[in-house]
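Asks: Data file coords-v9.cif (mmCIF, C-alpha atoms and all ligand atoms) is appended below.
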data_entry
loop_
_atom_site.label_atom_id
_atom_site.label_comp_id
_atom_site.auth_asym_id
_atom_site.auth_seq_id
_atom_site.Cartn_x
_atom_site.Cartn_y
_atom_site.Cartn_z
CA MET A 1216 -21.67 6.31 -29.59
CA ASN A 1217 -24.43 7.18 -27.17
CA ALA A 1218 -23.34 8.01 -23.60
CA LYS A 1219 -26.37 6.45 -21.95
CA TYR A 1220 -25.48 2.99 -23.23
CA MET A 1221 -21.92 3.18 -21.92
CA GLN A 1222 -23.39 4.35 -18.63
CA SER A 1223 -25.53 1.18 -18.63
CA ALA A 1224 -22.45 -0.91 -19.33
CA LEU A 1225 -20.67 0.67 -16.34
CA GLU A 1226 -23.72 -0.11 -14.19
CA GLN A 1227 -23.54 -3.72 -15.35
CA ALA A 1228 -19.86 -3.86 -14.36
CA ALA A 1229 -20.72 -2.51 -10.90
CA LEU A 1230 -22.86 -5.62 -10.32
CA ALA A 1231 -19.70 -7.73 -10.60
CA LEU A 1232 -17.35 -5.62 -8.45
CA GLY A 1233 -15.41 -7.81 -6.05
CA ARG A 1234 -16.83 -11.07 -7.43
CA THR A 1235 -14.54 -11.80 -10.39
CA SER A 1236 -11.03 -11.67 -8.93
CA PRO A 1237 -8.43 -11.85 -10.27
CA ASN A 1238 -10.39 -11.10 -13.44
CA PRO A 1239 -11.67 -7.55 -13.98
CA ALA A 1240 -15.34 -6.66 -13.40
CA VAL A 1241 -16.55 -5.72 -16.88
CA GLY A 1242 -19.98 -4.67 -18.14
CA ALA A 1243 -21.47 -4.90 -21.64
CA VAL A 1244 -24.74 -3.99 -23.37
CA VAL A 1245 -26.01 -4.86 -26.85
CA VAL A 1246 -28.02 -2.11 -28.55
CA GLN A 1247 -30.30 -2.83 -31.52
CA ALA A 1248 -32.31 0.02 -33.11
CA GLY A 1249 -32.03 2.21 -30.01
CA GLN A 1250 -33.05 -0.55 -27.58
CA ILE A 1251 -30.87 -2.43 -25.10
CA VAL A 1252 -31.49 -6.07 -26.06
CA GLY A 1253 -28.73 -7.70 -23.98
CA ARG A 1254 -26.93 -6.92 -20.73
CA GLY A 1255 -24.05 -8.75 -19.12
CA HIS A 1256 -21.36 -8.60 -16.47
CA THR A 1257 -18.31 -10.77 -15.82
CA GLN A 1258 -19.10 -14.01 -13.98
CA PRO A 1259 -16.82 -15.50 -11.29
CA VAL A 1260 -13.36 -16.50 -12.55
CA GLY A 1261 -13.43 -19.39 -15.02
CA GLN A 1262 -16.96 -18.55 -16.18
CA ALA A 1263 -18.36 -16.32 -18.93
CA HIS A 1264 -17.14 -12.80 -19.64
CA ALA A 1265 -19.44 -9.77 -19.81
CA GLU A 1266 -19.69 -9.76 -23.62
CA VAL A 1267 -20.70 -13.42 -23.74
CA MET A 1268 -23.44 -12.84 -21.16
CA ALA A 1269 -24.80 -9.82 -23.07
CA LEU A 1270 -24.68 -11.63 -26.43
CA ARG A 1271 -26.48 -14.63 -24.95
CA GLU A 1272 -29.35 -12.45 -23.78
CA ALA A 1273 -29.51 -10.63 -27.12
CA GLY A 1274 -29.64 -13.87 -29.12
CA ALA A 1275 -30.51 -13.28 -32.78
CA GLN A 1276 -31.02 -9.57 -32.11
CA ALA A 1277 -27.23 -9.18 -31.84
CA ARG A 1278 -26.96 -9.32 -35.65
CA GLY A 1279 -26.17 -5.79 -36.91
CA ALA A 1280 -26.25 -4.40 -33.34
CA SER A 1281 -23.78 -2.22 -31.39
CA LEU A 1282 -21.90 -3.60 -28.41
CA TYR A 1283 -20.86 -1.20 -25.62
CA VAL A 1284 -18.20 -2.64 -23.34
CA THR A 1285 -16.26 -1.13 -20.41
CA LEU A 1286 -13.00 -3.03 -21.15
CA GLU A 1287 -11.47 -4.03 -24.47
CA PRO A 1288 -12.75 -7.54 -25.32
CA CYS A 1289 -10.20 -10.33 -24.86
CA THR A 1290 -8.54 -11.72 -27.98
CA ILE A 1291 -6.98 -14.83 -26.42
CA TRP A 1292 -7.91 -18.15 -24.90
CA GLY A 1293 -7.62 -17.94 -21.12
CA ARG A 1294 -9.88 -20.08 -18.97
CA THR A 1295 -12.58 -19.18 -21.53
CA PRO A 1296 -12.58 -18.59 -25.32
CA PRO A 1297 -11.79 -15.15 -26.80
CA CYS A 1298 -14.69 -12.69 -26.65
CA THR A 1299 -13.67 -11.33 -30.05
CA ASP A 1300 -14.66 -14.73 -31.56
CA ALA A 1301 -18.07 -14.55 -29.89
CA ILE A 1302 -18.62 -10.95 -31.08
CA ILE A 1303 -17.74 -11.84 -34.67
CA ALA A 1304 -19.90 -15.00 -34.62
CA ALA A 1305 -22.89 -13.05 -33.29
CA GLY A 1306 -22.78 -10.61 -36.22
CA ILE A 1307 -22.18 -7.45 -34.17
CA ALA A 1308 -21.68 -4.45 -36.49
CA GLU A 1309 -19.98 -1.99 -34.12
CA VAL A 1310 -18.06 -2.16 -30.82
CA ILE A 1311 -17.54 0.82 -28.48
CA ILE A 1312 -14.83 0.38 -25.83
CA ALA A 1313 -14.25 2.49 -22.68
CA SER A 1314 -10.78 1.26 -21.63
CA ARG A 1315 -7.83 -0.81 -22.85
CA ASP A 1316 -6.85 -4.18 -21.32
CA PRO A 1317 -3.21 -4.16 -20.09
CA ASN A 1318 -3.02 -7.99 -20.09
CA PRO A 1319 0.53 -8.68 -21.39
CA ARG A 1320 -0.62 -12.01 -22.90
CA PHE A 1321 -2.62 -10.25 -25.63
CA GLU A 1322 -0.80 -10.65 -28.92
CA TYR A 1323 -3.33 -8.61 -30.90
CA ASP A 1324 -5.55 -5.87 -29.55
CA ALA A 1325 -9.31 -6.18 -29.92
CA ALA A 1326 -9.61 -3.31 -32.41
CA THR A 1327 -7.22 -5.02 -34.84
CA VAL A 1328 -9.01 -8.36 -34.59
CA LEU A 1329 -12.53 -6.93 -34.87
CA GLN A 1330 -11.70 -4.53 -37.71
CA ALA A 1331 -10.13 -7.39 -39.66
CA ALA A 1332 -13.56 -9.04 -39.46
CA GLY A 1333 -15.25 -5.91 -40.82
CA ILE A 1334 -16.57 -4.62 -37.47
CA ARG A 1335 -16.40 -0.88 -36.70
CA VAL A 1336 -14.50 -0.12 -33.48
CA SER A 1337 -14.35 3.11 -31.52
CA PHE A 1338 -13.25 4.26 -28.08
CA ALA A 1339 -15.18 6.36 -25.57
CA PRO A 1340 -12.40 8.34 -23.83
CA GLU A 1341 -14.85 10.27 -21.65
CA PHE A 1342 -15.64 6.98 -19.87
CA GLU A 1343 -12.07 5.75 -19.55
CA THR A 1344 -11.46 7.06 -16.00
CA ALA A 1345 -14.66 5.48 -14.69
CA ALA A 1346 -13.90 2.16 -16.38
CA ILE A 1347 -10.32 2.12 -15.10
CA GLY A 1348 -11.62 2.91 -11.60
CA GLN A 1349 -13.66 -0.31 -11.67
CA THR A 1350 -10.66 -2.45 -12.68
CA GLU A 1351 -7.68 -0.88 -10.88
CA ALA A 1352 -6.87 -3.99 -8.83
CA PHE A 1353 -6.87 -6.21 -11.95
CA ARG A 1354 -4.76 -3.70 -13.87
CA HIS A 1355 -2.08 -3.80 -11.17
CA TRP A 1356 -2.19 -7.58 -10.59
CA ILE A 1357 -2.07 -8.58 -14.27
CA VAL A 1358 1.27 -6.79 -14.76
CA THR A 1359 2.92 -7.30 -11.33
CA LYS A 1360 1.26 -10.54 -10.14
CA GLN A 1361 0.94 -8.82 -6.75
CA PRO A 1362 -2.23 -7.48 -5.13
CA PHE A 1363 -3.21 -3.82 -5.47
CA VAL A 1364 -2.66 -2.45 -1.95
CA THR A 1365 -5.00 0.12 -0.44
CA VAL A 1366 -4.11 1.62 2.95
CA LYS A 1367 -7.22 2.71 4.82
CA TYR A 1368 -7.45 4.55 8.13
CA ALA A 1369 -9.74 6.87 10.07
CA MET A 1370 -8.33 9.84 11.95
CA SER A 1371 -9.57 12.84 13.91
CA LEU A 1372 -9.46 16.44 12.69
CA ASP A 1373 -6.14 16.72 14.55
CA GLY A 1374 -4.68 13.62 12.89
CA LYS A 1375 -4.99 10.99 15.68
CA ILE A 1376 -6.22 7.41 15.36
CA ALA A 1377 -6.91 6.84 19.10
CA THR A 1378 -6.84 8.74 22.42
CA ARG A 1379 -3.75 8.85 24.63
CA THR A 1380 -5.04 5.72 26.43
CA GLY A 1381 -5.45 3.84 23.10
CA ASP A 1382 -9.25 4.07 22.95
CA ALA A 1383 -10.20 3.98 19.25
CA ARG A 1384 -13.89 2.97 19.22
CA TRP A 1385 -15.00 4.85 17.27
CA ILE A 1386 -13.33 7.66 15.44
CA SER A 1387 -15.49 7.63 12.32
CA GLY A 1388 -19.29 7.75 12.25
CA ALA A 1389 -21.75 4.93 11.56
CA ALA A 1390 -22.12 5.76 7.84
CA SER A 1391 -18.35 5.58 7.33
CA ARG A 1392 -18.18 2.28 9.16
CA GLN A 1393 -20.83 0.83 6.83
CA LYS A 1394 -18.79 2.05 3.88
CA VAL A 1395 -15.76 0.24 5.27
CA HIS A 1396 -17.79 -2.97 5.28
CA GLU A 1397 -18.84 -2.27 1.67
CA LEU A 1398 -15.15 -1.98 0.78
CA ARG A 1399 -14.35 -5.22 2.60
CA ASN A 1400 -17.17 -6.83 0.61
CA GLN A 1401 -15.28 -5.97 -2.60
CA THR A 1402 -11.74 -6.77 -1.42
CA ASP A 1403 -9.94 -10.12 -1.67
CA ALA A 1404 -7.84 -9.78 1.49
CA ILE A 1405 -7.51 -7.52 4.52
CA LEU A 1406 -4.34 -7.14 6.60
CA VAL A 1407 -3.44 -5.88 10.08
CA GLY A 1408 -0.33 -6.06 12.23
CA ILE A 1409 -0.14 -8.24 15.34
CA ASN A 1410 -0.19 -5.13 17.58
CA THR A 1411 -3.64 -4.27 16.28
CA VAL A 1412 -4.84 -7.80 17.05
CA LEU A 1413 -3.41 -7.60 20.60
CA ALA A 1414 -4.90 -4.13 21.19
CA ASP A 1415 -8.33 -4.40 19.50
CA ASP A 1416 -8.97 -8.14 18.94
CA PRO A 1417 -10.80 -7.37 15.64
CA LEU A 1418 -12.96 -9.82 13.63
CA LEU A 1419 -12.18 -8.26 10.21
CA THR A 1420 -15.34 -9.75 8.74
CA THR A 1421 -17.83 -8.06 6.40
CA ARG A 1422 -20.89 -6.93 8.29
CA LEU A 1423 -23.58 -5.41 6.05
CA GLU A 1424 -27.26 -5.52 6.81
CA GLN A 1425 -29.84 -6.19 4.11
CA HIS A 1426 -27.53 -6.38 1.16
CA TRP A 1427 -28.61 -6.95 -2.45
CA ARG A 1428 -26.15 -9.83 -2.85
CA PRO A 1429 -24.56 -12.36 -0.48
CA VAL A 1430 -21.68 -10.71 1.35
CA GLN A 1431 -18.11 -11.87 0.94
CA HIS A 1432 -15.49 -11.99 3.69
CA PRO A 1433 -11.96 -11.06 2.68
CA VAL A 1434 -9.14 -13.44 3.59
CA ARG A 1435 -7.64 -12.08 6.82
CA VAL A 1436 -3.87 -11.67 6.96
CA VAL A 1437 -2.01 -10.90 10.21
CA LEU A 1438 1.63 -9.75 10.06
CA ASP A 1439 3.21 -11.54 13.00
CA ALA A 1440 6.96 -12.04 12.50
CA ARG A 1441 7.71 -13.56 15.90
CA GLY A 1442 4.56 -15.61 16.48
CA ARG A 1443 2.57 -13.68 19.08
CA MET A 1444 -0.95 -14.34 17.74
CA PRO A 1445 -3.03 -15.71 20.64
CA ALA A 1446 -4.99 -18.89 19.96
CA SER A 1447 -7.89 -17.12 21.72
CA ALA A 1448 -8.03 -14.26 19.15
CA ALA A 1449 -11.66 -13.50 18.21
CA MET A 1450 -11.04 -13.90 14.46
CA LEU A 1451 -9.85 -17.50 14.98
CA ALA A 1452 -13.08 -18.65 16.65
CA GLN A 1453 -14.77 -21.55 14.83
CA ALA A 1454 -17.96 -19.60 14.19
CA VAL A 1455 -16.27 -16.63 12.47
CA PRO A 1456 -16.74 -16.78 8.68
CA GLY A 1457 -13.80 -16.45 6.32
CA SER A 1458 -10.23 -17.70 6.63
CA THR A 1459 -7.08 -16.38 8.31
CA ILE A 1460 -3.41 -16.42 7.25
CA ILE A 1461 -0.74 -15.65 9.86
CA ALA A 1462 2.31 -14.34 8.00
CA THR A 1463 5.34 -15.15 10.14
CA THR A 1464 9.07 -15.90 9.91
CA ALA A 1465 11.48 -18.62 11.03
CA ALA A 1466 11.66 -16.78 14.38
CA ALA A 1467 8.24 -18.13 15.44
CA SER A 1468 8.46 -21.10 17.81
CA ALA A 1469 7.20 -24.60 17.15
CA GLU A 1470 5.00 -24.46 20.31
CA TRP A 1471 3.28 -21.34 19.07
CA ARG A 1472 2.71 -22.89 15.64
CA ALA A 1473 1.16 -25.95 17.25
CA SER A 1474 -1.10 -23.81 19.46
CA LEU A 1475 -3.10 -22.18 16.63
CA ASN A 1476 -6.26 -23.62 15.09
CA ASN A 1477 -8.35 -22.27 12.21
CA ALA A 1478 -5.42 -20.42 10.68
CA GLU A 1479 -2.85 -21.07 8.00
CA ILE A 1480 0.68 -20.32 9.15
CA LEU A 1481 2.64 -18.87 6.24
CA GLU A 1482 6.36 -18.68 6.86
CA LEU A 1483 8.11 -16.00 4.82
CA PRO A 1484 11.62 -14.54 4.70
CA SER A 1485 12.32 -11.67 7.09
CA ASN A 1486 13.93 -8.33 6.32
CA LEU A 1487 16.97 -6.87 8.12
CA GLU A 1488 14.80 -5.75 11.04
CA GLY A 1489 13.37 -9.25 11.52
CA ARG A 1490 9.96 -8.24 10.12
CA VAL A 1491 8.04 -10.21 7.49
CA SER A 1492 9.32 -9.31 4.02
CA ILE A 1493 6.48 -7.38 2.40
CA PRO A 1494 7.53 -8.11 -1.21
CA ALA A 1495 7.64 -11.84 -0.36
CA LEU A 1496 4.18 -11.63 1.19
CA LEU A 1497 2.74 -9.77 -1.82
CA ASN A 1498 4.26 -12.32 -4.22
CA GLU A 1499 2.70 -15.17 -2.27
CA LEU A 1500 -0.75 -13.53 -2.11
CA GLY A 1501 -0.57 -12.62 -5.81
CA GLN A 1502 0.25 -16.24 -6.70
CA ARG A 1503 -2.95 -17.24 -4.98
CA GLY A 1504 -4.95 -14.92 -7.24
CA ILE A 1505 -5.50 -12.30 -4.51
CA SER A 1506 -5.64 -9.11 -6.58
CA SER A 1507 -6.67 -6.59 -3.90
CA LEU A 1508 -5.43 -6.13 -0.35
CA MET A 1509 -6.67 -3.58 2.16
CA VAL A 1510 -4.21 -2.68 4.91
CA GLU A 1511 -6.19 -1.47 7.92
CA GLY A 1512 -3.36 -0.75 10.37
CA GLY A 1513 -1.82 -0.12 12.75
CA GLY A 1514 0.71 2.64 12.38
CA GLU A 1515 3.83 0.45 12.24
CA THR A 1516 2.26 -1.85 9.64
CA ILE A 1517 1.19 1.08 7.45
CA ALA A 1518 4.66 2.60 7.79
CA ALA A 1519 6.25 -0.71 6.73
CA PHE A 1520 4.09 -0.91 3.58
CA LEU A 1521 4.86 2.71 2.71
CA ALA A 1522 8.59 2.20 3.29
CA ALA A 1523 8.47 -0.82 0.96
CA GLN A 1524 6.83 1.40 -1.73
CA ALA A 1525 4.05 -1.18 -1.71
CA VAL A 1526 0.97 1.08 -1.50
CA GLN A 1527 -1.09 1.89 -4.61
CA LYS A 1528 -3.88 3.88 -2.95
CA VAL A 1529 -4.69 5.59 0.34
CA GLN A 1530 -8.21 6.10 1.69
CA VAL A 1531 -8.41 8.44 4.65
CA VAL A 1532 -11.53 9.03 6.70
CA ILE A 1533 -11.39 12.34 8.57
CA ALA A 1534 -13.87 12.59 11.43
CA PRO A 1535 -14.78 16.01 12.86
CA LYS A 1536 -13.43 15.26 16.37
CA ILE A 1537 -10.45 16.69 18.24
CA ILE A 1538 -8.44 14.41 20.53
CA GLY A 1539 -5.24 16.29 21.48
CA GLY A 1540 -2.30 15.16 23.58
CA VAL A 1541 0.27 12.50 22.84
CA ALA A 1542 -1.85 10.02 20.90
CA PRO A 1543 -1.05 7.70 17.97
CA SER A 1544 -1.18 8.93 14.38
CA PRO A 1545 -1.90 6.83 11.26
CA VAL A 1546 1.66 6.31 10.05
CA GLY A 1547 4.32 5.14 12.54
CA GLY A 1548 7.93 4.28 11.90
CA VAL A 1549 10.82 6.66 12.48
CA GLY A 1550 9.49 9.31 10.11
CA ILE A 1551 11.52 11.79 8.10
CA ALA A 1552 13.68 14.67 9.31
CA ARG A 1553 13.13 17.12 6.48
CA MET A 1554 9.97 18.18 4.73
CA SER A 1555 11.75 17.80 1.39
CA GLU A 1556 11.92 14.02 2.06
CA ALA A 1557 8.13 13.64 2.36
CA GLN A 1558 6.46 11.02 0.15
CA LEU A 1559 4.28 12.86 -2.35
CA TRP A 1560 0.70 11.79 -2.98
CA GLN A 1561 -1.96 13.12 -5.27
CA LEU A 1562 -5.51 13.64 -4.03
CA SER A 1563 -8.02 12.34 -6.54
CA ALA A 1564 -11.38 12.53 -4.77
CA SER A 1565 -13.14 13.77 -1.67
CA GLU A 1566 -16.58 12.78 -0.54
CA GLN A 1567 -18.71 13.47 2.51
CA VAL A 1568 -20.03 10.34 4.23
CA GLY A 1569 -22.30 11.21 7.17
CA ALA A 1570 -20.32 13.83 9.12
CA ASP A 1571 -16.95 12.51 7.88
CA ILE A 1572 -14.86 13.33 4.82
CA TRP A 1573 -13.29 10.52 2.74
CA LEU A 1574 -10.16 11.35 0.79
CA THR A 1575 -8.64 9.15 -1.90
CA ALA A 1576 -4.99 9.59 -2.88
CA TYR A 1577 -2.62 7.86 -5.30
CA PRO A 1578 1.18 7.97 -5.34
CA ASN A 1579 2.50 11.05 -7.09
CA LEU A 1580 4.74 9.44 -9.66
CA GLN A 1581 6.46 12.63 -10.87
C1 LIG B 1 -13.32 -9.60 -21.45
N1 LIG B 1 -14.49 -9.53 -20.76
O1 LIG B 1 -15.68 -9.65 -18.87
C2 LIG B 1 -13.35 -9.90 -18.72
C3 LIG B 1 -12.12 -9.93 -19.45
O2 LIG B 1 -9.24 -16.79 -18.13
P1 LIG B 1 -10.31 -16.03 -18.86
O3 LIG B 1 -10.73 -16.64 -20.15
O4 LIG B 1 -11.47 -15.71 -17.94
O5 LIG B 1 -9.66 -14.63 -19.31
C4 LIG B 1 -9.19 -13.74 -18.34
C5 LIG B 1 -8.66 -12.47 -18.99
O6 LIG B 1 -9.70 -11.85 -19.77
C6 LIG B 1 -8.26 -11.43 -17.96
O7 LIG B 1 -6.90 -11.58 -17.57
C7 LIG B 1 -8.49 -10.13 -18.70
O8 LIG B 1 -7.41 -9.82 -19.56
C8 LIG B 1 -9.71 -10.45 -19.54
N2 LIG B 1 -10.94 -10.11 -18.81
N3 LIG B 1 -12.15 -9.75 -20.78
O9 LIG B 1 -13.32 -9.59 -22.67
C9 LIG B 1 -14.56 -9.67 -19.43
N4 LIG B 1 -13.39 -10.07 -17.36
ZN ZN B 2 -13.39 -11.91 -22.83
#
Write the structure described by the file as structure tokens, please.
Ligand code: AOF
Ligand code: ZN
Replies:
Amino acid sequence: MNAKYMQSALEQAALALGRTSPNPAVGAVVVQAGQIVGRGHTQPVGQAHAEVMALREAGAQARGASLYVTLEPCTIWGRTPPCTDAIIAAGIAEVIIASRDPNPRFEYDAATVLQAAGIRVSFAPEFETAAIGQTEAFRHWIVTKQPFVTVKYAMSLDGKIATRTGDARWISGAASRQKVHELRNQTDAILVGINTVLADDPLLTTRLEQHWRPVQHPVRVVLDARGRMPASAAMLAQAVPGSTIIATTAAASAEWRASLNNAEILELPSNLEGRVSIPALLNELGQRGISSLMVEGGGETIAAFLAAQAVQKVQVVIAPKIIGGVAPSPVGGVGIARMSEAQLWQLSASEQVGADIWLTAYPNLQ
């Protein structure tokens, strides 16, 4: 096992991030006599897997070669044939794997199948975290059939998301705002509450200049239990790319439903407070193959997702500004009375972007 080849495989996978859903973005390289002779990454769903792409490029040079792959090769027929068959047929001598595939449909794991065909198999545990990081949405969706939910917000040094008058443009700097668009470009769906639409009238599109690949607009989802979405909302204009789902309940009137164009109205059960049931929404989005969802606010919506234990990741942008006064904070709701009741999260990364700091946290499952 040579680290530089697994690094190349991870770079291949990065080319596919956000373009394979609900399949994972995987990368593979074929190495013959110290040379990379084939590279591949997962194609859009229904098309070739990373291994198949890399083997195709390697052609006859795959015979006796090593295959480095970021995810365990599939052993089953899905929309495409098993990669293990293709690896065996190509005459690969050795396979090095960075992470396991949690797909519950696998009857045999790749190591068992490949070893039975006389192929050497090893794992590269030092690359496991990086490989898992590239496939976290898939790993959640394949076992729950619900999207992996990331809550994202920007706040000031003193923990506010707007001024006392509600002015929120902008808390974070330009570099952070570009990064938000990069995240949207890799996310299947993006969600806000109706209050955010009424206050900010956002577009929720992906806006990246001079990108190396065509940008992708996430499906927009608005939580709107009572049907208050205005037909004049900016995101519903004909010229705005991407599609919009308004998640509502039986409480929304027929007149309101008839007033909206360019949006799908999705009626869902409500919870005891008359809000859209979040588990029902996640089931419906998961059924549609939406494997990642970014919740961008506002405070009540974020609080509702947290209360439903429906958040897999939090990304916080902290901007070096101080706002003061009675101004909104990222998480609304009633809040807790005692510190001992606080939800516990685990910080996993921090990164400076322009003048801001980005923090990533995952639920603390202890
Ligand atoms: C791989 N290499 O590049 C990917 C894999 O319906 P299919 O045939 O596309 O199979 C989808 C399953 O294959 C998916 O649920 C996951 O378990 C695995 N993804 N496997 O060998 C790849 N993307
Ligand atoms: Zn495969």
Asks: For Ser1565 (chain A), which residue among A:Ile1538, A:Val1336, A:Val1529, A:Met1509 is the nearest when counting all atoms listed in the file?
Replies: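 Ranking A:Ile1538, A:Val1336, A:Val1529, A:Met1509 by distance to Ser1565 (chain A), first place goes to A:Val1529.
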Asks: Write as a PyMOL selection string the residues around ligand ZN 2 (chain B), taking 8 Å as the cut-off and counting all atoms listed in the file.
Replies: chain A and resi 1263-1267+1288-1291+1295-1299
Asks: Using only C-alpha atoms and all ligand atoms, find the one residue out of A:Glu1272, A:Glu1556, A:Glu1482, A:Glu1287 that sits nearest to ligand LIG 1 (chain B).
Replies: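 Among the listed residues, A:Glu1287 lies closest to ligand LIG 1 (chain B).
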Asks: Using all atoms listed in the file, determine which residues fall within 9 Å of ligand LIG 1 (chain B), then list them as a PyMOL selection string.
Replies: chain A and resi 1228+1235-1243+1255-1268+1284-1299+1316-1321+1325+1353-1354+1357
Asks: Quick one: residues within 8 Å of Ala1525 (chain A), only C-alpha atoms counted, chain neighbours fewer than 4 positions away excluded, as number ranges by chain?
Replies: A: 1364, 1493-1494, 1520-1521
Asks: Export C-alpha atoms of the chosen residues as an mmCIF file, keeping the file's coordinate frame?
Replies:
data_model
loop_
_atom_site.group_PDB
_atom_site.id
_atom_site.type_symbol
_atom_site.label_atom_id
_atom_site.label_comp_id
_atom_site.auth_asym_id
_atom_site.auth_seq_id
_atom_site.Cartn_x
_atom_site.Cartn_y
_atom_site.Cartn_z
ATOM 1 C CA VAL A 1364 -2.660 -2.450 -1.950
ATOM 2 C CA ILE A 1493 6.480 -7.380 2.400
ATOM 3 C CA PRO A 1494 7.530 -8.110 -1.210
ATOM 4 C CA PHE A 1520 4.090 -0.910 3.580
ATOM 5 C CA LEU A 1521 4.860 2.710 2.710
#
Asks: Have a look at CA of Val1510 (chain A) and CA of Val1436 (chain A) and let me know their distance in Å, one decimal.
Replies: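 Taking CA of Val1510 (chain A) and CA of Val1436 (chain A), their separation equals 9.2 Å.
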